[in-house]
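Student: Sending over model.pdb (PDB, C-alpha atoms).
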```
ATOM      1  CA  LYS A  41      24.452 -50.634  30.172
ATOM      2  CA  GLY A  42      25.292 -54.261  29.721
ATOM      3  CA  GLU A  43      24.873 -56.137  26.508
ATOM      4  CA  GLY A  44      21.303 -57.111  25.783
ATOM      5  CA  ALA A  45      19.787 -54.462  28.048
ATOM      6  CA  HIS A  46      16.558 -52.964  26.721
ATOM      7  CA  THR A  47      16.567 -49.216  26.167
ATOM      8  CA  LYS A  48      13.456 -47.134  25.375
ATOM      9  CA  PRO A  49      13.647 -44.441  22.717
ATOM     10  CA  TYR A  50      13.508 -40.924  24.141
ATOM     11  CA  TYR A  51      11.696 -38.178  22.165
ATOM     12  CA  ILE A  52      11.903 -34.454  22.772
ATOM     13  CA  THR A  53       8.576 -32.756  22.021
ATOM     14  CA  PRO A  54       7.642 -29.048  22.125
ATOM     15  CA  MET A  55       5.989 -27.745  25.268
ATOM     16  CA  PHE A  56       2.587 -27.075  23.670
ATOM     17  CA  TRP A  57       2.589 -30.027  21.284
ATOM     18  CA  ASP A  58      -0.240 -32.533  21.600
ATOM     19  CA  LYS A  59      -0.102 -35.700  19.553
ATOM     20  CA  TYR A  60      -3.845 -36.337  19.832
ATOM     21  CA  ALA A  61      -5.033 -32.770  19.244
ATOM     22  CA  THR A  62      -8.306 -32.355  17.374
ATOM     23  CA  GLN A  63      -8.780 -30.289  14.240
ATOM     24  CA  GLU A  64     -10.494 -27.529  16.223
ATOM     25  CA  GLU A  65      -7.519 -27.338  18.582
ATOM     26  CA  ASP A  66      -5.137 -27.185  15.608
ATOM     27  CA  MET A  67      -7.157 -24.347  14.081
ATOM     28  CA  ALA A  68      -7.216 -22.463  17.389
ATOM     29  CA  SER A  69      -3.455 -22.797  17.845
ATOM     30  CA  ALA A  70      -2.827 -21.789  14.213
ATOM     31  CA  THR A  71      -5.021 -18.718  14.632
ATOM     32  CA  ALA A  72      -3.222 -17.702  17.820
ATOM     33  CA  THR A  73       0.156 -18.198  16.132
ATOM     34  CA  LEU A  74      -0.929 -16.127  13.137
ATOM     35  CA  ILE A  75      -2.121 -13.264  15.346
ATOM     36  CA  ILE A  76       1.104 -13.299  17.378
ATOM     37  CA  SER A  77       3.226 -13.342  14.215
ATOM     38  CA  LEU A  78       1.273 -10.447  12.659
ATOM     39  CA  ILE A  79       1.651  -8.382  15.833
ATOM     40  CA  GLY A  80       5.375  -9.121  15.882
ATOM     41  CA  LEU A  81       5.734  -8.269  12.179
ATOM     42  CA  CYS A  82       3.878  -4.957  12.505
ATOM     43  CA  THR A  83       5.846  -4.047  15.637
ATOM     44  CA  CYS A  84       9.172  -4.763  13.944
ATOM     45  CA  MET A  85       8.116  -2.808  10.860
ATOM     46  CA  ALA A  86       7.114   0.201  12.950
ATOM     47  CA  CYS A  87      10.407   0.109  14.864
ATOM     48  CA  LEU A  88      12.346  -0.262  11.611
ATOM     49  CA  VAL A  89      10.640   2.765  10.049
ATOM     50  CA  LYS A  90      11.280   4.872  13.187
ATOM     51  CA  VAL A  91      14.957   3.892  13.313
ATOM     52  CA  LEU A  92      15.437   4.613   9.622
ATOM     53  CA  SER A  93      13.693   7.960   9.952
ATOM     54  CA  TYR A  94      16.026   8.887  12.823
ATOM     55  CA  ILE A  95      19.095   7.752  10.866
ATOM     56  CA  THR A  96      17.968   9.657   7.782
ATOM     57  CA  MET A  97      17.395  12.893   9.676
ATOM     58  CA  ASN A  98      20.764  12.654  11.442
ATOM     59  CA  SER A  99      22.983  11.554   8.556
ATOM     60  CA  ASN A 100      24.542  13.064   5.473
ATOM     61  CA  GLN A 101      21.562  13.279   3.126
ATOM     62  CA  ALA A 102      23.734  14.512   0.258
ATOM     63  CA  MET A 103      25.642  11.224   0.342
ATOM     64  CA  LEU A 104      22.395   9.226   0.377
ATOM     65  CA  LYS A 105      20.978  11.217  -2.541
ATOM     66  CA  LYS A 106      24.159  10.668  -4.535
ATOM     67  CA  ALA A 107      24.038   6.942  -3.856
ATOM     68  CA  ALA A 108      20.412   6.860  -5.032
ATOM     69  CA  ARG A 109      21.355   8.318  -8.434
ATOM     70  CA  MET A 110      22.216   4.943  -9.911
ATOM     71  CA  ASP A 111      21.225   3.416 -13.197
ATOM     72  CA  PRO A 112      17.568   2.285 -12.869
ATOM     73  CA  TYR A 113      18.262  -1.260 -14.047
ATOM     74  CA  PHE A 114      21.187  -1.516 -11.674
ATOM     75  CA  ALA A 115      18.773  -0.325  -8.978
ATOM     76  CA  ILE A 116      16.470  -3.233  -9.882
ATOM     77  CA  ILE A 117      19.387  -5.616  -9.293
ATOM     78  CA  VAL A 118      20.159  -3.904  -5.974
ATOM     79  CA  GLY A 119      16.537  -4.209  -4.848
ATOM     80  CA  THR A 120      16.519  -7.879  -5.840
ATOM     81  CA  CYS A 121      19.736  -8.644  -3.930
ATOM     82  CA  VAL A 122      18.598  -6.793  -0.790
ATOM     83  CA  THR A 123      15.301  -8.686  -0.777
ATOM     84  CA  LEU A 124      17.135 -11.977  -1.316
ATOM     85  CA  PHE A 125      19.151 -11.291   1.830
ATOM     86  CA  VAL A 126      16.228 -10.293   4.046
ATOM     87  CA  GLN A 127      13.689 -12.650   2.387
ATOM     88  CA  SER A 128      10.943 -10.042   2.560
ATOM     89  CA  SER A 129       9.903  -7.354   0.102
ATOM     90  CA  SER A 130       7.936  -5.674   2.909
ATOM     91  CA  ILE A 131      11.177  -4.896   4.729
ATOM     92  CA  THR A 132      12.711  -3.421   1.572
ATOM     93  CA  THR A 133       9.723  -1.179   0.895
ATOM     94  CA  SER A 134       9.562  -0.226   4.585
ATOM     95  CA  VAL A 135      13.173   0.903   4.332
ATOM     96  CA  LEU A 136      12.466   2.964   1.216
ATOM     97  CA  THR A 137       9.271   4.607   2.491
ATOM     98  CA  PRO A 138      10.882   6.904   5.117
ATOM     99  CA  LEU A 139      13.627   7.775   2.639
ATOM    100  CA  ALA A 140      11.035   8.908   0.099
ATOM    101  CA  ALA A 141       9.033  10.701   2.792
ATOM    102  CA  SER A 142      12.177  12.572   3.885
ATOM    103  CA  ASP A 143      12.876  13.592   0.268
ATOM    104  CA  VAL A 144      16.154  11.682   0.275
ATOM    105  CA  ILE A 145      15.114   9.732  -2.815
ATOM    106  CA  THR A 146      12.396  10.538  -5.326
ATOM    107  CA  LEU A 147       9.536   8.300  -6.413
ATOM    108  CA  ASP A 148      11.280   7.769  -9.744
ATOM    109  CA  GLN A 149      14.341   6.452  -7.881
ATOM    110  CA  MET A 150      12.218   4.336  -5.554
ATOM    111  CA  LEU A 151      10.311   2.599  -8.365
ATOM    112  CA  PRO A 152      13.145   0.382  -9.713
ATOM    113  CA  LEU A 153      14.185  -0.592  -6.180
ATOM    114  CA  THR A 154      10.609  -1.658  -5.451
ATOM    115  CA  LEU A 155      10.416  -3.614  -8.706
ATOM    116  CA  GLY A 156      13.620  -5.402  -7.758
ATOM    117  CA  ALA A 157      12.091  -6.223  -4.383
ATOM    118  CA  ASN A 158       9.152  -7.847  -6.188
ATOM    119  CA  ILE A 159      11.600 -10.091  -8.035
ATOM    120  CA  GLY A 160      13.594 -10.919  -4.919
ATOM    121  CA  THR A 161      10.526 -11.918  -2.939
ATOM    122  CA  THR A 162       9.892 -14.791  -5.375
ATOM    123  CA  ALA A 163      13.024 -16.502  -4.050
ATOM    124  CA  THR A 164      11.137 -17.525  -0.909
ATOM    125  CA  GLY A 165       8.504 -19.336  -2.980
ATOM    126  CA  ILE A 166      11.158 -20.981  -5.141
ATOM    127  CA  LEU A 167      13.069 -22.276  -2.119
ATOM    128  CA  ALA A 168       9.858 -23.570  -0.542
ATOM    129  CA  SER A 169       8.844 -25.301  -3.783
ATOM    130  CA  LEU A 170      12.187 -27.095  -4.041
ATOM    131  CA  VAL A 171      11.559 -28.713  -0.651
ATOM    132  CA  SER A 172       8.171 -29.983  -1.786
ATOM    133  CA  ALA A 173       7.984 -33.221  -3.720
ATOM    134  CA  LYS A 174       5.231 -31.908  -6.016
ATOM    135  CA  VAL A 175       6.018 -30.580  -9.454
ATOM    136  CA  GLU A 176       3.066 -28.193  -9.260
ATOM    137  CA  ALA A 177       4.765 -26.279  -6.438
ATOM    138  CA  VAL A 178       7.790 -25.535  -8.641
ATOM    139  CA  GLN A 179       5.503 -24.544 -11.509
ATOM    140  CA  ILE A 180       3.632 -22.050  -9.334
ATOM    141  CA  ALA A 181       6.914 -20.562  -8.074
ATOM    142  CA  ILE A 182       8.222 -20.162 -11.628
ATOM    143  CA  CYS A 183       4.902 -18.592 -12.685
ATOM    144  CA  HIS A 184       5.280 -16.094  -9.838
ATOM    145  CA  LEU A 185       8.791 -15.170 -10.989
ATOM    146  CA  THR A 186       7.795 -14.969 -14.665
ATOM    147  CA  PHE A 187       4.764 -12.817 -13.865
ATOM    148  CA  ASN A 188       6.894 -10.250 -12.020
ATOM    149  CA  ILE A 189       9.583 -10.167 -14.720
ATOM    150  CA  LEU A 190       7.041  -9.724 -17.522
ATOM    151  CA  GLY A 191       5.330  -6.977 -15.525
ATOM    152  CA  ILE A 192       8.641  -5.120 -15.242
ATOM    153  CA  VAL A 193       9.322  -5.561 -18.968
ATOM    154  CA  ILE A 194       5.878  -4.156 -19.844
ATOM    155  CA  TRP A 195       5.616  -1.310 -17.344
ATOM    156  CA  PHE A 196       9.284  -0.355 -16.937
ATOM    157  CA  GLY A 197      10.592  -1.357 -20.356
ATOM    158  CA  LEU A 198      13.623  -3.153 -21.645
ATOM    159  CA  PRO A 199      17.094  -1.673 -20.989
ATOM    160  CA  ILE A 200      17.390  -0.196 -24.494
ATOM    161  CA  PRO A 201      19.272   3.148 -24.558
ATOM    162  CA  MET A 202      17.690   5.650 -26.946
ATOM    163  CA  PRO A 203      18.962   9.126 -27.954
ATOM    164  CA  ASP A 204      17.369  11.786 -25.753
ATOM    165  CA  PRO A 205      18.727  15.381 -25.640
ATOM    166  CA  LYS A 206      17.173  15.898 -22.189
ATOM    167  CA  GLY A 207      18.218  12.484 -20.913
ATOM    168  CA  LYS A 208      20.187  12.093 -17.695
ATOM    169  CA  GLY A 209      22.545   9.606 -19.288
ATOM    170  CA  VAL A 210      22.772   5.842 -19.341
ATOM    171  CA  LEU A 211      25.848   4.422 -17.618
ATOM    172  CA  CYS A 212      28.681   6.153 -19.501
ATOM    173  CA  LEU A 213      26.546   7.451 -22.392
ATOM    174  CA  LYS A 214      25.487  11.087 -22.188
ATOM    175  CA  GLY A 215      22.422  12.293 -24.052
ATOM    176  CA  TYR A 216      20.771   8.889 -23.775
ATOM    177  CA  SER A 217      17.963   7.543 -21.676
ATOM    178  CA  TYR A 218      15.837   4.433 -21.433
ATOM    179  CA  VAL A 219      12.887   5.244 -23.673
ATOM    180  CA  TRP A 220       9.998   2.960 -24.549
ATOM    181  CA  PRO A 221      10.716   2.127 -28.238
ATOM    182  CA  VAL A 222       7.005   2.113 -29.180
ATOM    183  CA  PRO A 223       5.555   5.659 -29.461
ATOM    184  CA  PHE A 224       3.040   6.443 -26.733
ATOM    185  CA  PRO A 225      -0.019   8.500 -27.782
ATOM    186  CA  TYR A 226       0.287  10.952 -24.861
ATOM    187  CA  LYS A 227       2.757  13.548 -23.650
ATOM    188  CA  LYS A 228       3.568  14.800 -20.169
ATOM    189  CA  GLU A 229       3.041  18.346 -18.902
ATOM    190  CA  ASP A 230       6.618  19.323 -19.784
ATOM    191  CA  GLY A 231       6.101  18.199 -23.404
ATOM    192  CA  THR A 232       8.236  15.050 -23.185
ATOM    193  CA  GLN A 233       6.990  11.673 -24.334
ATOM    194  CA  LEU A 234       4.916   9.794 -21.791
ATOM    195  CA  GLN A 235       6.497   6.456 -20.896
ATOM    196  CA  MET A 236       4.893   3.318 -19.541
ATOM    197  CA  ARG A 237       6.855   3.746 -16.304
ATOM    198  CA  ASP A 238       5.200   7.141 -15.832
ATOM    199  CA  VAL A 239       1.745   5.539 -15.520
ATOM    200  CA  PRO A 240       2.315   3.946 -12.060
ATOM    201  CA  MET A 241       4.040   7.148 -10.941
ATOM    202  CA  ILE A 242       1.006   9.228 -11.933
ATOM    203  CA  CYS A 243      -1.316   6.808 -10.121
ATOM    204  CA  ALA A 244       0.893   6.830  -7.014
ATOM    205  CA  ARG A 245       0.956  10.635  -6.887
ATOM    206  CA  LYS A 246      -2.811  10.833  -7.370
ATOM    207  CA  LEU A 247      -3.425   8.314  -4.581
ATOM    208  CA  GLY A 248      -1.048  10.263  -2.360
ATOM    209  CA  ALA A 249      -2.988  13.455  -3.106
ATOM    210  CA  TYR A 250      -6.236  11.694  -2.177
ATOM    211  CA  THR A 251      -4.773  10.743   1.200
ATOM    212  CA  ARG A 252      -4.125  14.428   1.883
ATOM    213  CA  VAL A 253      -7.727  15.318   1.016
ATOM    214  CA  TRP A 254      -9.385  12.436   2.916
ATOM    215  CA  ASN A 255      -7.330  11.040   5.794
ATOM    216  CA  THR A 256      -9.225   7.723   6.017
ATOM    217  CA  PHE A 257      -8.938   7.038   2.277
ATOM    218  CA  PRO A 258      -5.983   4.577   2.696
ATOM    219  CA  ILE A 259      -8.123   2.334   4.937
ATOM    220  CA  TYR A 260     -10.935   2.031   2.387
ATOM    221  CA  TYR A 261      -8.467   1.664  -0.481
ATOM    222  CA  THR A 262      -6.618  -1.170   1.269
ATOM    223  CA  LEU A 263      -9.845  -2.991   2.148
ATOM    224  CA  PHE A 264     -11.130  -2.700  -1.414
ATOM    225  CA  MET A 265      -7.922  -3.659  -3.224
ATOM    226  CA  PHE A 266      -6.832  -6.481  -0.897
ATOM    227  CA  VAL A 267     -10.140  -7.854   0.427
ATOM    228  CA  VAL A 268     -13.219  -6.905  -1.606
ATOM    229  CA  LEU A 269     -11.813  -7.014  -5.150
ATOM    230  CA  PRO A 270      -9.830 -10.281  -4.711
ATOM    231  CA  GLY A 271     -12.866 -11.834  -3.007
ATOM    232  CA  VAL A 272     -15.151 -10.906  -5.912
ATOM    233  CA  LEU A 273     -12.682 -12.172  -8.524
ATOM    234  CA  PHE A 274     -12.062 -15.384  -6.604
ATOM    235  CA  GLY A 275     -15.784 -15.970  -6.203
ATOM    236  CA  ILE A 276     -16.429 -15.483  -9.928
ATOM    237  CA  SER A 277     -13.498 -17.710 -10.930
ATOM    238  CA  SER A 278     -14.653 -20.477  -8.589
ATOM    239  CA  LEU A 279     -17.999 -20.606 -10.427
ATOM    240  CA  TYR A 280     -16.240 -21.796 -13.586
ATOM    241  CA  GLU A 281     -15.202 -24.983 -11.751
ATOM    242  CA  GLY A 282     -18.785 -25.986 -10.987
ATOM    243  CA  LYS A 283     -21.597 -27.428 -13.060
ATOM    244  CA  THR A 284     -23.296 -25.870 -16.075
ATOM    245  CA  ALA A 285     -25.538 -23.592 -14.024
ATOM    246  CA  ALA A 286     -22.574 -22.287 -12.016
ATOM    247  CA  VAL A 287     -20.539 -21.695 -15.190
ATOM    248  CA  THR A 288     -23.446 -19.814 -16.752
ATOM    249  CA  LEU A 289     -23.733 -17.634 -13.647
ATOM    250  CA  GLY A 290     -19.980 -17.011 -13.775
ATOM    251  CA  ILE A 291     -20.215 -15.859 -17.405
ATOM    252  CA  ILE A 292     -23.094 -13.508 -16.575
ATOM    253  CA  LEU A 293     -21.197 -12.030 -13.610
ATOM    254  CA  THR A 294     -18.049 -11.644 -15.719
ATOM    255  CA  ILE A 295     -19.954  -9.713 -18.391
ATOM    256  CA  ALA A 296     -21.601  -7.576 -15.705
ATOM    257  CA  LEU A 297     -18.200  -6.857 -14.122
ATOM    258  CA  LEU A 298     -16.681  -5.847 -17.478
ATOM    259  CA  MET A 299     -19.652  -3.572 -18.190
ATOM    260  CA  ALA A 300     -19.290  -2.000 -14.727
ATOM    261  CA  ILE A 301     -15.569  -1.377 -15.357
ATOM    262  CA  ALA A 302     -16.316   0.187 -18.764
ATOM    263  CA  ARG A 303     -19.049   2.368 -17.264
ATOM    264  CA  GLY A 304     -16.735   3.463 -14.450
ATOM    265  CA  ALA A 305     -13.965   4.371 -16.915
ATOM    266  CA  TRP A 306     -16.449   6.379 -18.997
ATOM    267  CA  TRP A 307     -17.698   8.195 -15.887
ATOM    268  CA  VAL A 308     -14.173   9.021 -14.733
ATOM    269  CA  TYR A 309     -12.781  10.269 -18.046
ATOM    270  CA  LYS A 310     -15.853  11.589 -19.867
ATOM    271  CA  GLU A 311     -18.145  12.803 -17.078
ATOM    272  CA  ASP A 312     -15.577  14.615 -14.911
ATOM    273  CA  GLY A 313     -15.386  11.758 -12.442
ATOM    274  CA  PHE A 314     -12.063  12.804 -10.914
ATOM    275  CA  ASN A 315     -13.402  16.169  -9.802
ATOM    276  CA  LYS A 316     -16.548  14.544  -8.409
ATOM    277  CA  ILE A 317     -14.415  12.073  -6.443
ATOM    278  CA  HIS A 318     -12.271  14.941  -5.145
ATOM    279  CA  THR A 319     -15.378  16.883  -4.071
ATOM    280  CA  TYR A 320     -16.831  13.825  -2.337
ATOM    281  CA  MET A 321     -13.577  13.264  -0.413
ATOM    282  CA  GLN A 322     -13.490  16.904   0.673
ATOM    283  CA  GLU A 323     -17.040  16.597   1.996
ATOM    284  CA  LYS A 324     -16.192  13.431   3.920
ATOM    285  CA  GLN A 325     -13.080  15.020   5.413
ATOM    286  CA  SER A 326     -15.068  18.127   6.380
ATOM    287  CA  ALA A 327     -17.600  15.895   8.132
ATOM    288  CA  ILE A 328     -14.803  14.119  10.018
ATOM    289  CA  VAL A 329     -13.264  17.428  11.125
ATOM    290  CA  PHE A 330     -16.669  18.737  12.193
ATOM    291  CA  LYS A 331     -17.387  15.642  14.309
ATOM    292  CA  LYS A 332     -13.930  15.875  15.857
ATOM    293  CA  ASN A 333     -14.475  19.501  16.842
ATOM    294  CA  LEU A 334     -18.110  18.988  17.867
ATOM    295  CA  VAL A 335     -17.259  18.615  21.567
ATOM    296  CA  GLY A 336     -15.287  21.818  21.572
ATOM    297  CA  LEU A 337     -18.038  23.649  19.702
ATOM    298  CA  THR A 338     -20.639  22.389  22.187
ATOM    299  CA  GLU A 339     -18.576  23.555  25.155
ATOM    300  CA  ASN A 340     -18.050  26.890  23.426
ATOM    301  CA  LEU A 341     -21.797  27.322  22.892
ATOM    302  CA  GLU A 342     -22.546  26.358  26.505
ATOM    303  CA  GLY A 343     -20.059  28.955  27.703
ATOM    304  CA  ARG A 344     -21.612  31.627  25.527
ATOM    305  CA  ILE A 345     -25.137  30.745  26.700
ATOM    306  CA  ALA A 346     -24.021  30.964  30.334
ATOM    307  CA  GLU A 347     -22.411  34.346  29.646
ATOM    308  CA  LEU A 348     -25.604  35.628  28.005
ATOM    309  CA  GLU A 349     -27.684  34.433  30.955
ATOM    310  CA  ASN A 350     -25.423  36.358  33.330
ATOM    311  CA  GLU A 351     -25.731  39.483  31.194
ATOM    312  CA  VAL A 352     -29.522  39.155  31.144
ATOM    313  CA  SER A 353     -29.563  38.675  34.930
ATOM    314  CA  LYS A 354     -27.476  41.830  35.433
ATOM    315  CA  LEU A 355     -29.789  43.825  33.219
ATOM    316  CA  LYS A 356     -32.827  42.661  35.213
ATOM    317  CA  GLY A 357     -31.083  43.414  38.487
ATOM    318  CA  LYS A 358     -31.015  39.820  39.591
ATOM    319  CA  LYS A 359     -28.169  37.847  41.084
ATOM    320  CA  PRO A 360     -26.011  36.314  38.358
ATOM    321  CA  THR A 361     -26.183  32.583  37.973
ATOM    322  CA  SER A 362     -23.279  30.479  39.137
ATOM    323  CA  ALA A 363     -23.111  28.507  35.915
ATOM    324  CA  PRO A 364     -19.498  27.978  34.843
ATOM    325  CA  ILE A 365     -18.281  29.939  31.892
ATOM    326  CA  MET A 366     -16.201  27.756  29.588
ATOM    327  CA  ILE A 367     -14.964  29.202  26.341
ATOM    328  CA  VAL A 368     -12.567  27.163  24.260
ATOM    329  CA  GLY A 369     -10.978  27.641  20.911
ATOM    330  CA  GLU A 370     -10.127  30.975  19.382
ATOM    331  CA  ASP A 371     -12.683  32.834  21.537
ATOM    332  CA  ALA A 372     -10.697  31.900  24.668
ATOM    333  CA  LYS A 373      -8.093  34.447  23.653
TER     334      LYS A 373
END
```
Could you render the structure as structure tokens?

Tutor:
Amino acid sequence: KGEGAHTKPYYITPMFWDKYATQEEDMASATATLIISLIGLCTCMACLVKVLSYITMNSNQAMLKKAARMDPYFAIIVGTCVTLFVQSSSITTSVLTPLAASDVITLDQMLPLTLGANIGTTATGILASLVSAKVEAVQIAICHLTFNILGIVIWFGLPIPMPDPKGKGVLCLKGYSYVWPVPFPYKKEDGTQLQMRDVPMICARKLGAYTRVWNTFPIYYTLFMFVVLPGVLFGISSLYEGKTAAVTLGIILTIALLMAIARGAWWVYKEDGFNKIHTYMQEKQSAIVFKKNLVGLTENLEGRIAELENEVSKLKGKKPTSAPIMIVGEDAK
């Protein structure tokens, strides 16, 4: 155009973008986006697990098992690097789950990889905090990283090689293993010293055993650990930010919660709570199986009743009824 000609600025806006949208419309669009993203995430995770299961079953498992026999602290670094690349610890754990289910790697080999994934997932928060202009964002991201590292130091231990005749070896040192330097007051079933890293393994195996006893246990466990318990703790902590009455109520609820935890621990360890929980789960699973087979049992009973009516009619010399005889289950043989 010639000199001095007036040109209007041209903006490219998204298709569904509305400059004058209300807060309700923003919330509706955010909710729809969240639902779509969750569906996409779950779909991709399911496809990833299926593909990995197929690859695991049709590959050289001996090679995979040999690759998994790495130094545990090197495995933490590997888990961290993998999660840094994919920017999601969920993907890393989803990759490891079918490998553990297929007995390619053990739970002891999976633990350091998962711990490394927990460190790698903090990189997303750190990168997001660097974009923000607030110092608090960086502080929260560093707290997240520090919390995960300290948790690994406490529960997995420092990389300090200690002499161990039954040890698998540490790097190039035979007869050594990573042992918690502070003596633990308990021993395992094989007589070896119980380590801090054994505690989450014992809990994981016990939870896995509960899922075999009661099939719907994972649903209730997930709801309690990720919805109910965080909601209760968040509600109590929010009371401490209020006035004197709210703070007093928060203190009372905190004391009540601690007393409930102490009472629950006493019931579990001193009043045979584990066996009572196991019995309760067996009863719930039996009820589920009974309800599932109730239709088949009803049809089986109806078939037997019809058969008995026909037998009675034959004995009385009457014409048999035309009621259908339907026998399902083992009696059908």

Student: Carefully work through the PyMOL selection byres ((chain A and resi 127) around 9) for this structure and note down the residues it includes, as a ChimeraX atom specification.

Tutor: /A:122-126,128-129,131,160-164

Student: Please produce a file of the residues just selected, as a short mmCIF file (atom, residue, chain, number, x, y, z; two decimals), in the coordinates of the input, where the atoms kept are C-alpha atoms.

Tutor:
```
data_model
loop_
_atom_site.label_atom_id
_atom_site.label_comp_id
_atom_site.auth_asym_id
_atom_site.auth_seq_id
_atom_site.Cartn_x
_atom_site.Cartn_y
_atom_site.Cartn_z
CA VAL A 122 18.60 -6.79 -0.79
CA THR A 123 15.30 -8.69 -0.78
CA LEU A 124 17.14 -11.98 -1.32
CA PHE A 125 19.15 -11.29 1.83
CA VAL A 126 16.23 -10.29 4.05
CA SER A 128 10.94 -10.04 2.56
CA SER A 129 9.90 -7.35 0.10
CA ILE A 131 11.18 -4.90 4.73
CA GLY A 160 13.59 -10.92 -4.92
CA THR A 161 10.53 -11.92 -2.94
CA THR A 162 9.89 -14.79 -5.38
CA ALA A 163 13.02 -16.50 -4.05
CA THR A 164 11.14 -17.52 -0.91
#
```

Student: What's the separation between CA of Pro112 (chain A) and CA of Thr132 (chain A), in Å to one decimal place?

Tutor: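 Pair CA of Pro112 (chain A) / CA of Thr132 (chain A) returns 16.3 Å.
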
Student: Evaluate the PyMOL selection byres ((chain A and resi 177-189) around 10) and record the selected residues as a PDB file with C-alpha atoms, in the coordinates of the input, following the chain and residue labels used in the document.

Tutor:
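part-v4.pdb, freshly written:
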```pdb
ATOM      1  CA  LEU A 155      10.416  -3.614  -8.706  1.00  0.00           C
ATOM      2  CA  GLY A 156      13.620  -5.402  -7.758  1.00  0.00           C
ATOM      3  CA  ASN A 158       9.152  -7.847  -6.188  1.00  0.00           C
ATOM      4  CA  ILE A 159      11.600 -10.091  -8.035  1.00  0.00           C
ATOM      5  CA  GLY A 160      13.594 -10.919  -4.919  1.00  0.00           C
ATOM      6  CA  THR A 161      10.526 -11.918  -2.939  1.00  0.00           C
ATOM      7  CA  THR A 162       9.892 -14.791  -5.375  1.00  0.00           C
ATOM      8  CA  ALA A 163      13.024 -16.502  -4.050  1.00  0.00           C
ATOM      9  CA  THR A 164      11.137 -17.525  -0.909  1.00  0.00           C
ATOM     10  CA  GLY A 165       8.504 -19.336  -2.980  1.00  0.00           C
ATOM     11  CA  ILE A 166      11.158 -20.981  -5.141  1.00  0.00           C
ATOM     12  CA  LEU A 167      13.069 -22.276  -2.119  1.00  0.00           C
ATOM     13  CA  ALA A 168       9.858 -23.570  -0.542  1.00  0.00           C
ATOM     14  CA  SER A 169       8.844 -25.301  -3.783  1.00  0.00           C
ATOM     15  CA  LEU A 170      12.187 -27.095  -4.041  1.00  0.00           C
ATOM     16  CA  VAL A 171      11.559 -28.713  -0.651  1.00  0.00           C
ATOM     17  CA  SER A 172       8.171 -29.983  -1.786  1.00  0.00           C
ATOM     18  CA  ALA A 173       7.984 -33.221  -3.720  1.00  0.00           C
ATOM     19  CA  LYS A 174       5.231 -31.908  -6.016  1.00  0.00           C
ATOM     20  CA  VAL A 175       6.018 -30.580  -9.454  1.00  0.00           C
ATOM     21  CA  GLU A 176       3.066 -28.193  -9.260  1.00  0.00           C
ATOM     22  CA  LEU A 190       7.041  -9.724 -17.522  1.00  0.00           C
ATOM     23  CA  GLY A 191       5.330  -6.977 -15.525  1.00  0.00           C
ATOM     24  CA  ILE A 192       8.641  -5.120 -15.242  1.00  0.00           C
ATOM     25  CA  VAL A 193       9.322  -5.561 -18.968  1.00  0.00           C
ATOM     26  CA  ILE A 194       5.878  -4.156 -19.844  1.00  0.00           C
TER      27      ILE A 194
END
```

Student: Pick the closest to Ala327 (chain A) from A:Val239, A:Leu198, A:Asn255, A:Ala86: which is it, counting all atoms listed in the file?

Tutor: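 Counting all atoms listed in the file, the residue closest to Ala327 (chain A) is A:Asn255.
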
Student: Could you tell me how far CA of Ser134 (chain A) lies from CA of Ala72 (chain A), in Å and to one decimal?

Tutor: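 Result for CA of Ser134 (chain A) versus CA of Ala72 (chain A): 25.4 Å, one decimal.
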
Student: Could you tell me how far CA of Gly290 (chain A) lies from CA of Gly275 (chain A), in Å and to one decimal?

Tutor: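 A separation of 8.7 Å between them.
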
Student: Identify, on the basis of only C-alpha atoms, every residue whose closest approach to region 308-322 of chain A does not exceed 12 Å; exclude the query and any residue fewer than 2 positions from it along the same chain; express the result as JSON, numbers by chain.

Tutor: {"A": [246, 247, 249, 250, 251, 252, 253, 254, 255, 256, 257, 258, 260, 301, 302, 303, 304, 305, 306, 324, 325, 326, 327, 328, 329]}

Student: So, counting all atoms listed in the file, which residue among A:Thr71, A:Thr133, A:Ser277, A:Gln233 is closest to Leu289 (chain A)?

Tutor: A:Ser277

Student: Compare A:Thr146, A:Met241, A:Leu297, A:Asp111 by their minimum atom-to-atom distance to Ser217 (chain A), counting only C-alpha atoms, and give me the closest one.

Tutor: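 Smallest distance to Ser217 (chain A) is found for A:Asp111.
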